[in-house]
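All remarks here apply to the structure that follows.
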Amino acid sequence: MAPLRVLCIHGYRQNAISFREKTGALRKLLKKHVELVYVSAPLSVQQANTEEVADKQNDSAPESGGDEDPRGWWFSDIKARSFNAQQQCEESLGLDESVTAVREAVKDQGPFDGILGFSQGAAFVAMLCSLQEQKLEPAFGFRFAIIVAGFRSACTEHQKFYNSPIQVPSLHVFGLEDRVIPDKMSRDLLPSFQDPQVLIHPGGHFVPAASAHRQTYQDFLKRFQ
């Protein structure tokens, strides 16, 4: 049986290479079943400001750990070209370029069975599924989504993505000790999906891949095998 091909969307201040390194345990856990393909966001992120550094220090497995070429999928602060998941904003910067980057990845490296995102990347995956559902991105054909430490964007212009429940089958993964994206933010995204499946782990801000989680991932994925 051919493995499922999954496009992986990294977190803010990561890139394809660093996210591949951080998800080594997941690749090992699912190796017979899934081929993970990584894409970098098009937006370059400036050096961490004090707020972002604080995030990093609070977490045992930071989203922003040691990346040579930090990238992002959109900025919530247009002037500062920075992002904070809890920042209320009217408009964002860069989302269109990011959708284009995913469209090109699908064209050049696809087709993909599913899509996986982490943190800002997970919030972006929800938006991509919404675009697919509205038939605005005919190239996308994702049959499932895995959303790790996801959240609803606090940006006003993004609320259009949450108007009706997304039908794409989804597995939502979040940690009870996550200090970067508190689990309440991840729970708030659940109603945006029809029949979301949930994997809750006791840890922080990372993609969990302990043997205890294998069954949940495999049970979810085998529907698409």
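To be explicit about the labels: the chains of the structure tokens are called A, B, and onward in the order shown, and within each one the residues are counted from 1, while ligands get numbers from 1 in the order they are shown.
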
For this session: Find the spatial neighbours of Gly175 of chain A, counting only C-alpha atoms, within a cut-off of 6 Å - ignore same-chain residues fewer than 4 positions away - and output them as a list in words.
Result: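 Returned residues: Ile200, His201, Pro202, Gly203 and Gly204 of chain A.
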
Problem set entry | Exercise: Cys155 of chain A partners within 6 Å, only C-alpha atoms, chain neighbours under 6 positions left out, as a ChimeraX atom specification | /A:88-90

Include N, CA and C atoms and write out the residues we just selected as a compact mmCIF listing (two decimals), in the first residue's frame.
```txt
# COMPACT_ATOMS: atom_id res chain seq x y z
N GLN A 88 -5.24 41.17 18.23
CA GLN A 88 -6.41 41.55 17.43
C GLN A 88 -5.93 42.47 16.32
N CYS A 89 -6.37 42.24 15.10
CA CYS A 89 -6.01 43.16 14.02
C CYS A 89 -7.13 43.18 12.98
N GLU A 90 -7.21 44.31 12.27
CA GLU A 90 -8.20 44.42 11.20
C GLU A 90 -7.72 43.65 9.97
```

Exercise. Near Met127 of chain A, counting only C-alpha atoms, which residues have an atom at most 9 Å away, once you skip same-chain residues fewer than 5 positions from it, shown as a count of residues only?
Worked result: 5

For this session: Could you tell me which of A:Phe206, A:Phe151, A:Phe112, A:Phe220 comes closest to Ser170 of chain A if we count only C-alpha atoms?
Result: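 Closest to Ser170 of chain A, using only C-alpha atoms: A:Phe220.
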
Problem set entry | Counting only C-alpha atoms, the option among A:Pro138, A:Pro191, A:Gly117, A:Pro196 closest to Arg20 of chain A | A:Gly117

Problem set entry | Backbone DSSP call of strand (DSSP E) for segment 10-195 of chain A, listed as a PyMOL selection string | chain A and resi 34-39+43-44+71-72+114-118+144-148+170-175

Exercise. So which residues of segment 7-199 of chain A fall under helix (DSSP H, G or I) by DSSP, listed as an NGL selection string?
Worked result: :A and (16-22 or 24-29 or 50-57 or 95-109 or 120-133 or 156-162 or 183-192)

Problem set entry | Atom pair atom CA of Phe142 of chain A / atom CA of Asp108 of chain A: separation (Å) | 15.2 Å

Contact table segment 99-190 of chain A vs segment 207-216 of chain A, cut-off 10 Å, shortest pair per residue, only C-alpha atoms, as a Markdown table:
```
| residue | atom | partner | partner_atom | distance |
| --- | --- | --- | --- | --- |
| A:Gly117 | CA | A:Val207 | CA | 9.5 |
| A:Phe118 | CA | A:Val207 | CA | 7.3 |
| A:Ser119 | CA | A:Val207 | CA | 9.5 |
| A:Ile147 | CA | A:Val207 | CA | 9.7 |
| A:Val148 | CA | A:Val207 | CA | 6.4 |
| A:Ala149 | CA | A:Val207 | CA | 8.1 |
| A:Leu171 | CA | A:Thr216 | CA | 9.1 |
| A:Val173 | CA | A:Val207 | CA | 7.9 |
| A:Phe174 | CA | A:Val207 | CA | 8.3 |
| A:Gly175 | CA | A:Pro208 | CA | 8.5 |
```

Can you build me a table of segment 109-196 of chain A residues sitting at most 10 Å from segment 67-78 of chain A, with the closest atom pair per residue and its distance in Å to one decimal, using only C-alpha atoms, sorted by chain and residue number, as a tab-separated table?
```
residue	atom	partner	partner_atom	distance
A:Gln120	CA	A:Trp73	CA	7.2
A:Gly121	CA	A:Trp73	CA	7.1
A:Ala123	CA	A:Trp73	CA	9.7
A:Phe124	CA	A:Trp73	CA	7.3
A:Ser153	CA	A:Ser76	CA	9.1
A:Ala154	CA	A:Ser76	CA	8.6
A:Cys155	CA	A:Ser76	CA	7.1
```

Seminar exercise, completed: From atom CA of Val198 of chain A to atom CA of Ala139 of chain A the spacing works out at 27.5 Å

For this session: Find the residue from A:Ile9, A:Cys129, A:Ile17, A:Ala2 that sits nearest to Val34 of chain A; use only C-alpha atoms when measuring.
Result: A:Ala2

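Residues lying within 12 Å of Pro3 of chain A, counting only C-alpha atoms and ignoring same-chain neighbours fewer than 5 positions away, are Arg27, Leu30, Lys31, Lys32, His33, Val34, Glu35, Leu36, Val37, Phe112, Asp113, Gly114, Gln218, Leu221, Lys222, Phe224 and Gln225 of chain A.
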
Please, could you write that set of residues out with N, CA, C and O atoms as a compact mmCIF listing (two decimals), in the first residue's frame?
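As a result, part09.txt now contains:
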```
# COMPACT_ATOMS: atom_id res chain seq x y z
N ARG A 27 7.73 11.32 11.95
CA ARG A 27 8.04 10.57 10.72
C ARG A 27 8.34 9.11 11.06
O ARG A 27 7.90 8.19 10.37
N LEU A 30 5.15 7.14 12.00
CA LEU A 30 4.19 6.87 10.91
C LEU A 30 4.86 6.41 9.62
O LEU A 30 4.23 6.42 8.56
N LYS A 31 6.14 6.02 9.71
CA LYS A 31 6.94 5.88 8.48
C LYS A 31 6.35 4.97 7.42
O LYS A 31 6.48 5.26 6.24
N LYS A 32 5.69 3.89 7.82
CA LYS A 32 5.16 2.98 6.78
C LYS A 32 3.91 3.54 6.12
O LYS A 32 3.53 3.14 5.04
N HIS A 33 3.26 4.46 6.82
CA HIS A 33 1.93 4.90 6.39
C HIS A 33 1.93 6.25 5.68
O HIS A 33 1.02 6.54 4.92
N VAL A 34 2.93 7.08 5.98
CA VAL A 34 2.86 8.47 5.55
C VAL A 34 4.20 8.96 5.03
O VAL A 34 5.25 8.64 5.58
N GLU A 35 4.17 9.73 3.94
CA GLU A 35 5.35 10.46 3.47
C GLU A 35 5.10 11.94 3.73
O GLU A 35 4.13 12.51 3.21
N LEU A 36 5.95 12.55 4.56
CA LEU A 36 5.78 13.96 4.90
C LEU A 36 6.65 14.82 3.98
O LEU A 36 7.85 14.57 3.83
N VAL A 37 6.03 15.82 3.35
CA VAL A 37 6.74 16.74 2.43
C VAL A 37 6.62 18.15 3.01
O VAL A 37 5.53 18.57 3.39
N PHE A 112 -1.17 15.70 -3.11
CA PHE A 112 -1.10 15.33 -1.70
C PHE A 112 -2.45 14.78 -1.24
O PHE A 112 -3.50 15.26 -1.65
N ASP A 113 -2.37 13.77 -0.38
CA ASP A 113 -3.60 13.23 0.21
C ASP A 113 -4.12 14.13 1.32
O ASP A 113 -5.32 14.31 1.48
N GLY A 114 -3.17 14.68 2.10
CA GLY A 114 -3.58 15.48 3.24
C GLY A 114 -2.60 16.59 3.53
O GLY A 114 -1.58 16.76 2.83
N GLN A 218 -2.92 6.63 13.62
CA GLN A 218 -3.17 5.57 12.63
C GLN A 218 -4.66 5.34 12.38
O GLN A 218 -5.07 5.14 11.24
N LEU A 221 -5.76 8.09 10.13
CA LEU A 221 -5.21 8.02 8.76
C LEU A 221 -5.71 6.84 7.95
O LEU A 221 -5.82 6.92 6.73
N LYS A 222 -6.07 5.73 8.65
CA LYS A 222 -6.41 4.53 7.87
C LYS A 222 -7.70 4.69 7.06
O LYS A 222 -7.93 3.96 6.11
N PHE A 224 -8.13 6.92 5.03
CA PHE A 224 -7.75 7.52 3.74
C PHE A 224 -6.74 6.65 2.98
O PHE A 224 -6.33 6.99 1.89
N GLN A 225 -6.36 5.53 3.58
CA GLN A 225 -5.34 4.66 3.02
C GLN A 225 -5.81 4.02 1.72
O GLN A 225 -6.98 3.71 1.57
```

Exercise. With only C-alpha atoms as the atoms that count, which of A:Asn84, A:Gln47, A:Gln197, A:Ser40 lies nearest to Val99 of chain A?
Worked result: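 Nearest to Val99 of chain A: A:Ser40.
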
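When the distance limit is 9 Å and only C-alpha atoms are what count, the residues near Glu97 of chain A, minus those fewer than 3 positions from it on the same chain, are Ala41, Pro42, Leu43, Trp73, Trp74, Gly94, Thr100, Ala101 and Val102 of chain A.
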
How would the residues just picked look written out with all heavy atoms as a PDB file, in the first residue's frame?
```pdb
ATOM      1  N   ALA A  41       7.457  28.893   4.278  1.00  0.00           N
ATOM      2  CA  ALA A  41       6.630  30.080   4.058  1.00  0.00           C
ATOM      3  C   ALA A  41       7.425  31.122   3.267  1.00  0.00           C
ATOM      4  O   ALA A  41       8.656  31.177   3.363  1.00  0.00           O
ATOM      5  CB  ALA A  41       6.185  30.661   5.396  1.00  0.00           C
ATOM      6  N   PRO A  42       6.739  31.967   2.508  1.00  0.00           N
ATOM      7  CA  PRO A  42       7.442  32.953   1.693  1.00  0.00           C
ATOM      8  C   PRO A  42       7.903  34.206   2.450  1.00  0.00           C
ATOM      9  O   PRO A  42       8.713  34.971   1.931  1.00  0.00           O
ATOM     10  CB  PRO A  42       6.392  33.339   0.637  1.00  0.00           C
ATOM     11  CG  PRO A  42       5.079  33.098   1.301  1.00  0.00           C
ATOM     12  CD  PRO A  42       5.285  31.944   2.235  1.00  0.00           C
ATOM     13  N   LEU A  43       7.387  34.426   3.655  1.00  0.00           N
ATOM     14  CA  LEU A  43       7.691  35.682   4.352  1.00  0.00           C
ATOM     15  C   LEU A  43       8.871  35.513   5.302  1.00  0.00           C
ATOM     16  O   LEU A  43       8.862  34.634   6.161  1.00  0.00           O
ATOM     17  CB  LEU A  43       6.471  36.151   5.160  1.00  0.00           C
ATOM     18  CG  LEU A  43       5.125  36.221   4.428  1.00  0.00           C
ATOM     19  CD1 LEU A  43       4.019  36.599   5.401  1.00  0.00           C
ATOM     20  CD2 LEU A  43       5.193  37.197   3.267  1.00  0.00           C
ATOM     21  N   TRP A  73       3.745  32.787   7.815  1.00  0.00           N
ATOM     22  CA  TRP A  73       2.686  32.680   6.793  1.00  0.00           C
ATOM     23  C   TRP A  73       1.867  33.956   6.681  1.00  0.00           C
ATOM     24  O   TRP A  73       1.278  34.219   5.633  1.00  0.00           O
ATOM     25  CB  TRP A  73       1.786  31.478   7.101  1.00  0.00           C
ATOM     26  CG  TRP A  73       2.561  30.192   7.100  1.00  0.00           C
ATOM     27  CD1 TRP A  73       2.976  29.491   8.196  1.00  0.00           C
ATOM     28  CD2 TRP A  73       3.029  29.471   5.960  1.00  0.00           C
ATOM     29  NE1 TRP A  73       3.685  28.373   7.801  1.00  0.00           N
ATOM     30  CE2 TRP A  73       3.726  28.337   6.431  1.00  0.00           C
ATOM     31  CE3 TRP A  73       2.927  29.670   4.574  1.00  0.00           C
ATOM     32  CZ2 TRP A  73       4.329  27.407   5.573  1.00  0.00           C
ATOM     33  CZ3 TRP A  73       3.518  28.733   3.727  1.00  0.00           C
ATOM     34  CH2 TRP A  73       4.201  27.628   4.223  1.00  0.00           C
ATOM     35  N   TRP A  74       1.797  34.745   7.759  1.00  0.00           N
ATOM     36  CA  TRP A  74       1.239  36.095   7.679  1.00  0.00           C
ATOM     37  C   TRP A  74       1.693  36.873   8.906  1.00  0.00           C
ATOM     38  O   TRP A  74       2.121  36.292   9.897  1.00  0.00           O
ATOM     39  CB  TRP A  74      -0.304  36.086   7.565  1.00  0.00           C
ATOM     40  CG  TRP A  74      -1.058  35.819   8.840  1.00  0.00           C
ATOM     41  CD1 TRP A  74      -1.489  36.732   9.767  1.00  0.00           C
ATOM     42  CD2 TRP A  74      -1.502  34.542   9.337  1.00  0.00           C
ATOM     43  NE1 TRP A  74      -2.155  36.107  10.799  1.00  0.00           N
ATOM     44  CE2 TRP A  74      -2.180  34.768  10.563  1.00  0.00           C
ATOM     45  CE3 TRP A  74      -1.394  33.226   8.864  1.00  0.00           C
ATOM     46  CZ2 TRP A  74      -2.731  33.733  11.316  1.00  0.00           C
ATOM     47  CZ3 TRP A  74      -1.943  32.207   9.626  1.00  0.00           C
ATOM     48  CH2 TRP A  74      -2.605  32.462  10.829  1.00  0.00           C
ATOM     49  N   GLY A  94       0.578  39.439   3.925  1.00  0.00           N
ATOM     50  CA  GLY A  94       1.319  38.295   3.410  1.00  0.00           C
ATOM     51  C   GLY A  94       0.531  37.025   3.155  1.00  0.00           C
ATOM     52  O   GLY A  94       1.072  36.065   2.597  1.00  0.00           O
ATOM     53  N   THR A 100      -0.377  31.374  -2.408  1.00  0.00           N
ATOM     54  CA  THR A 100       0.289  31.116  -3.693  1.00  0.00           C
ATOM     55  C   THR A 100       1.417  30.098  -3.524  1.00  0.00           C
ATOM     56  O   THR A 100       1.585  29.196  -4.354  1.00  0.00           O
ATOM     57  CB  THR A 100       0.840  32.432  -4.285  1.00  0.00           C
ATOM     58  OG1 THR A 100      -0.262  33.320  -4.501  1.00  0.00           O
ATOM     59  CG2 THR A 100       1.558  32.207  -5.600  1.00  0.00           C
ATOM     60  N   ALA A 101       2.192  30.229  -2.442  1.00  0.00           N
ATOM     61  CA  ALA A 101       3.306  29.295  -2.194  1.00  0.00           C
ATOM     62  C   ALA A 101       2.793  27.864  -2.032  1.00  0.00           C
ATOM     63  O   ALA A 101       3.407  26.912  -2.539  1.00  0.00           O
ATOM     64  CB  ALA A 101       4.074  29.722  -0.946  1.00  0.00           C
ATOM     65  N   VAL A 102       1.660  27.698  -1.356  1.00  0.00           N
ATOM     66  CA  VAL A 102       1.090  26.356  -1.183  1.00  0.00           C
ATOM     67  C   VAL A 102       0.551  25.838  -2.518  1.00  0.00           C
ATOM     68  O   VAL A 102       0.751  24.668  -2.873  1.00  0.00           O
ATOM     69  CB  VAL A 102      -0.007  26.360  -0.095  1.00  0.00           C
ATOM     70  CG1 VAL A 102      -0.747  25.024  -0.059  1.00  0.00           C
ATOM     71  CG2 VAL A 102       0.609  26.661   1.266  1.00  0.00           C
TER      72      VAL A 102
END
```

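Excluding Glu133 of chain A itself and same-chain residues fewer than 4 positions from it, the residues having an atom within 9 Å of it are Leu128, Cys129, Glu137, Ile166, Gln167 and Val168 of chain A, counting only C-alpha atoms.
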
For this session: Would you work out the distance separating atom CA of Tyr38 of chain A from atom CA of His10 of chain A, expressed in Å to one decimal?
Result: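 A separation of 7.9 Å between them.
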
Exercise. Smallest atom-to-atom distance to Gly141 of chain A: which of A:Phe19, A:Gln46, A:Leu7, A:Asp178, using only C-alpha atoms?
Worked result: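 Of A:Phe19, A:Gln46, A:Leu7, A:Asp178, the one nearest Gly141 of chain A is A:Leu7, counting only C-alpha atoms.
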